[in-house]
Amino acid sequence: MTLPKRHSLGKDIVDLLKLAWPMIVVAIAVSFSQNIQTAILGHGKETSSIYLLSMLQPFSFLFLAILECLAITNQVFSARSLNQWSRQKVLAATSLLATLGIVIVALLSGVTALCASLLQILLPVAGNAFYSSALPLYFISMLPFIQLEMCNSALRGQGKSALSMLLVIAYIVLNALICYVGYQVYGLGFYSIIISNSLASALLIPVALWLVWRTGRHVKDDRPSAFIPRLSGLLFQVGMPIFASLVVLFFSSLLIFPLIGTLGEQYVAGFLIVTKIRMFIVIPAVACGSALAILINQRLAISSGEELKKLLHRGLAFICIIYLLLTLGVYFTEVSLIRILSGDRMIQDVSSQILLILLPTFFLTSFVASLQSLLEQLEQARRVLVLTVIIELLTVVTLLVGWSKFSQLQSIMNLIIVFNVVYFIAFGREYWRLANKIGNENVL
């Protein structure tokens, strides 16, 4: 019989930091990579390229939903192949899911181009080439990245996170170099994004495939007929809920950016810059929530319900304090942060105006992101999905019904703040529900 162990506040925080810091480093690297292209285009002499990049932002959520659905499925399949079944099929699963993703995104690109005139009427964008050219090319440029990320997910599942991280860093560096040369040296404008996305991934695919191939060589599969049922089962049980939770974010962002676009191109660019700065601190919050969830799962067998509750409160309080300080830091450094991402004075002024209005959301969004990550990994994923769908549907309905009333920047920003508060209250309630029941028979 295992007696519950007591842990001090200091011990809990130290254990949390030990788990969190590698995940935070990776999260910061990913956040940094997402800002490089914005910074390169933001320091150009023209603003049309960063405007097009801004309008791509909502559709990146749609691409991310497809990518994460397949990548997490492959990661889980790879992880289970370590002990539950043969590693021989890891490369086959990687290739099959990559092919599925490439076909889906390629079809999405074609449909977008065919429906360009209809999309322009429904969601107007300055210029006539966005839906017929820029967006389809963006989807096409991400096809090699799908293959690369499937390989990365397979390596992570095998516990080879260091190799995966090296591939990610190599991709970030190559993407930045190619984008910079294309934009600053050859003057390719927006097309430097298209070239850097596709070329950086394509150059690394042979190495990535070789690394995945090595994991399953010289290994026999005793049940080859179980491959498809296992993979399809994981796709529907693991991948599809992730796809659903991410795709609902696509619909609300799909309306927000065109709505801000009615105020002018500089407002869209400014909103993108603020969004990038906010995401730079939000993504590590997900890592913090994941680390806390891992720590709780590790102590389930050795701690009482009361000790688990203390750990939950202490960990979340620590995350709360960190993000209050980070939000304060953003307030004092907002001018420098914006100048890093844009050299245009008008866009800088608009970005500063938007950032100061949305400053509370830097804390709210980060805290909600850590809560969501925590809840999903403590067997509350279905409740998280339901809440996300409900809140995003309310956002979409509000935008559609009140479209003509949101004609001022302040009113649009107020709407964003209101729904951030709604998220904060909803997920906060779920947290207290979990905290009050943790350790009981049917909770964890």
# chains A, B, ... in the order shown; residues from 1 in each chain; ligands from 1
call {"tool": "residues_around", "arguments": {"residues": "segment 164-179 of chain A", "least_positions_apart": "3", "cutoff": "9 Å", "atoms": "only C-alpha atoms", "output": "VMD selection string"}}
result
chain A and resid 26 29 to 30 32 to 34 36 to 37 40 to 41 148 to 149 151 to 156 160 to 161 182 to 184 191 to 201 203 to 204 207 to 208
call {"tool": "residues_around", "arguments": {"residues": "Ile321 of chain A", "least_positions_apart": "5", "cutoff": "12 Å", "atoms": "only C-alpha atoms", "output": "PDB file with N, CA and C atoms, in the first residue's frame"}}
result
ATOM      1  N   ALA A 285       2.453  29.469 -22.546  1.00  0.00           N
ATOM      2  CA  ALA A 285       1.441  29.206 -21.515  1.00  0.00           C
ATOM      3  C   ALA A 285       0.857  27.812 -21.684  1.00  0.00           C
ATOM      4  N   ARG A 314      -1.405  25.620  -6.460  1.00  0.00           N
ATOM      5  CA  ARG A 314      -0.077  26.235  -6.426  1.00  0.00           C
ATOM      6  C   ARG A 314       0.477  26.440  -7.831  1.00  0.00           C
ATOM      7  N   GLY A 315       0.343  25.416  -8.666  1.00  0.00           N
ATOM      8  CA  GLY A 315       0.856  25.506 -10.029  1.00  0.00           C
ATOM      9  C   GLY A 315       0.177  26.590 -10.830  1.00  0.00           C
ATOM     10  N   LEU A 316      -1.147  26.645 -10.725  1.00  0.00           N
ATOM     11  CA  LEU A 316      -1.880  27.641 -11.493  1.00  0.00           C
ATOM     12  C   LEU A 316      -1.630  29.053 -10.958  1.00  0.00           C
ATOM     13  N   LEU A 326       4.486  39.195 -17.123  1.00  0.00           N
ATOM     14  CA  LEU A 326       4.751  39.287 -18.561  1.00  0.00           C
ATOM     15  C   LEU A 326       3.865  40.329 -19.234  1.00  0.00           C
ATOM     16  N   THR A 327       2.596  40.390 -18.824  1.00  0.00           N
ATOM     17  CA  THR A 327       1.680  41.400 -19.368  1.00  0.00           C
ATOM     18  C   THR A 327       2.163  42.796 -19.018  1.00  0.00           C
ATOM     19  N   LEU A 328       2.631  42.973 -17.788  1.00  0.00           N
ATOM     20  CA  LEU A 328       3.201  44.254 -17.362  1.00  0.00           C
ATOM     21  C   LEU A 328       4.443  44.583 -18.188  1.00  0.00           C
ATOM     22  N   PHE A 363      -3.003  38.738 -20.789  1.00  0.00           N
ATOM     23  CA  PHE A 363      -3.105  37.877 -19.607  1.00  0.00           C
ATOM     24  C   PHE A 363      -4.246  36.876 -19.757  1.00  0.00           C
ATOM     25  N   SER A 366      -3.558  34.040 -22.357  1.00  0.00           N
ATOM     26  CA  SER A 366      -2.502  33.147 -21.885  1.00  0.00           C
ATOM     27  C   SER A 366      -3.011  32.242 -20.767  1.00  0.00           C
ATOM     28  N   PHE A 367      -3.747  32.822 -19.827  1.00  0.00           N
ATOM     29  CA  PHE A 367      -4.266  32.051 -18.699  1.00  0.00           C
ATOM     30  C   PHE A 367      -5.276  31.008 -19.169  1.00  0.00           C
TER      31      PHE A 367
END
call {"tool": "select_by_dssp", "arguments": {"residues": "segment 38-251 of chain A", "states": "alpha helix (DSSP H)", "output": "ChimeraX atom specification"}}
result
/A:38-42,48-80,90-114,116-122,135-141,143-157,161-180,191-216,227-234,240-251
call {"tool": "residues_around", "arguments": {"residues": "Ile24 of chain A", "least_positions_apart": "4", "cutoff": "9 Å", "atoms": "only C-alpha atoms", "output": "NGL selection string"}}
result
:A and (20 or 28-29 or 283-288)
call {"tool": "write_last_selection", "arguments": {"atoms": "N, CA, C and O atoms", "output": "PDB file, in the first residue's frame"}}
result
ATOM      1  N   ALA A  20       8.659  22.043 -16.991  1.00  0.00           N
ATOM      2  CA  ALA A  20       8.175  23.082 -17.899  1.00  0.00           C
ATOM      3  C   ALA A  20       9.259  23.695 -18.778  1.00  0.00           C
ATOM      4  O   ALA A  20       9.002  24.017 -19.940  1.00  0.00           O
ATOM      5  N   ILE A  28       8.875  28.689 -27.212  1.00  0.00           N
ATOM      6  CA  ILE A  28       9.404  30.003 -27.577  1.00  0.00           C
ATOM      7  C   ILE A  28      10.037  29.955 -28.969  1.00  0.00           C
ATOM      8  O   ILE A  28       9.890  30.891 -29.767  1.00  0.00           O
ATOM      9  N   ALA A  29      10.731  28.859 -29.273  1.00  0.00           N
ATOM     10  CA  ALA A  29      11.335  28.707 -30.601  1.00  0.00           C
ATOM     11  C   ALA A  29      10.266  28.707 -31.688  1.00  0.00           C
ATOM     12  O   ALA A  29      10.417  29.355 -32.737  1.00  0.00           O
ATOM     13  N   ILE A 283       1.797  30.901 -26.445  1.00  0.00           N
ATOM     14  CA  ILE A 283       2.219  29.530 -26.740  1.00  0.00           C
ATOM     15  C   ILE A 283       2.992  28.903 -25.578  1.00  0.00           C
ATOM     16  O   ILE A 283       2.744  27.743 -25.216  1.00  0.00           O
ATOM     17  N   PRO A 284       3.924  29.624 -24.913  1.00  0.00           N
ATOM     18  CA  PRO A 284       4.560  29.040 -23.722  1.00  0.00           C
ATOM     19  C   PRO A 284       3.574  28.751 -22.586  1.00  0.00           C
ATOM     20  O   PRO A 284       3.825  27.864 -21.760  1.00  0.00           O
ATOM     21  N   ALA A 285       2.453  29.469 -22.546  1.00  0.00           N
ATOM     22  CA  ALA A 285       1.441  29.206 -21.515  1.00  0.00           C
ATOM     23  C   ALA A 285       0.857  27.812 -21.684  1.00  0.00           C
ATOM     24  O   ALA A 285       0.539  27.132 -20.691  1.00  0.00           O
ATOM     25  N   VAL A 286       0.714  27.371 -22.921  1.00  0.00           N
ATOM     26  CA  VAL A 286       0.245  26.008 -23.192  1.00  0.00           C
ATOM     27  C   VAL A 286       1.240  25.000 -22.627  1.00  0.00           C
ATOM     28  O   VAL A 286       0.856  23.982 -22.033  1.00  0.00           O
ATOM     29  N   ALA A 287       2.540  25.294 -22.791  1.00  0.00           N
ATOM     30  CA  ALA A 287       3.584  24.422 -22.247  1.00  0.00           C
ATOM     31  C   ALA A 287       3.513  24.365 -20.722  1.00  0.00           C
ATOM     32  O   ALA A 287       3.680  23.298 -20.120  1.00  0.00           O
ATOM     33  N   CYS A 288       3.243  25.500 -20.097  1.00  0.00           N
ATOM     34  CA  CYS A 288       3.125  25.543 -18.631  1.00  0.00           C
ATOM     35  C   CYS A 288       1.943  24.696 -18.160  1.00  0.00           C
ATOM     36  O   CYS A 288       2.056  23.937 -17.186  1.00  0.00           O
TER      37      CYS A 288
END
call {"tool": "atom_distance", "arguments": {"atom1": "atom CA of Phe59 of chain A", "atom2": "atom CA of Leu254 of chain A"}}
result
7.2 Å
call {"tool": "closest_residue", "arguments": {"among": "A:Leu312, A:Ala291, A:Leu355, A:Leu263", "to": "Arg278 of chain A", "atoms": "only C-alpha atoms"}}
result
A:Leu355
call {"tool": "closest_residue", "arguments": {"among": "A:Leu311, A:Ile390, A:Leu359, A:Ile416", "to": "Gly10 of chain A", "atoms": "only C-alpha atoms"}}
result
A:Leu311
call {"tool": "closest_residue", "arguments": {"among": "A:Met279, A:Leu358, A:Ala39, A:Val268", "to": "Tyr51 of chain A", "atoms": "only C-alpha atoms"}}
result
A:Val268
call {"tool": "residues_around", "arguments": {"residues": "segment 372-376 of chain A", "least_positions_apart": "6", "cutoff": "7 Å", "atoms": "only C-alpha atoms", "output": "JSON, numbers by chain"}}
result
{"A": [286, 289, 290, 292, 293, 384]}
call {"tool": "closest_residue", "arguments": {"among": "A:Val212, A:Met142, A:Gly189, A:Lys276", "to": "Ile340 of chain A", "atoms": "only C-alpha atoms"}}
result
A:Lys276
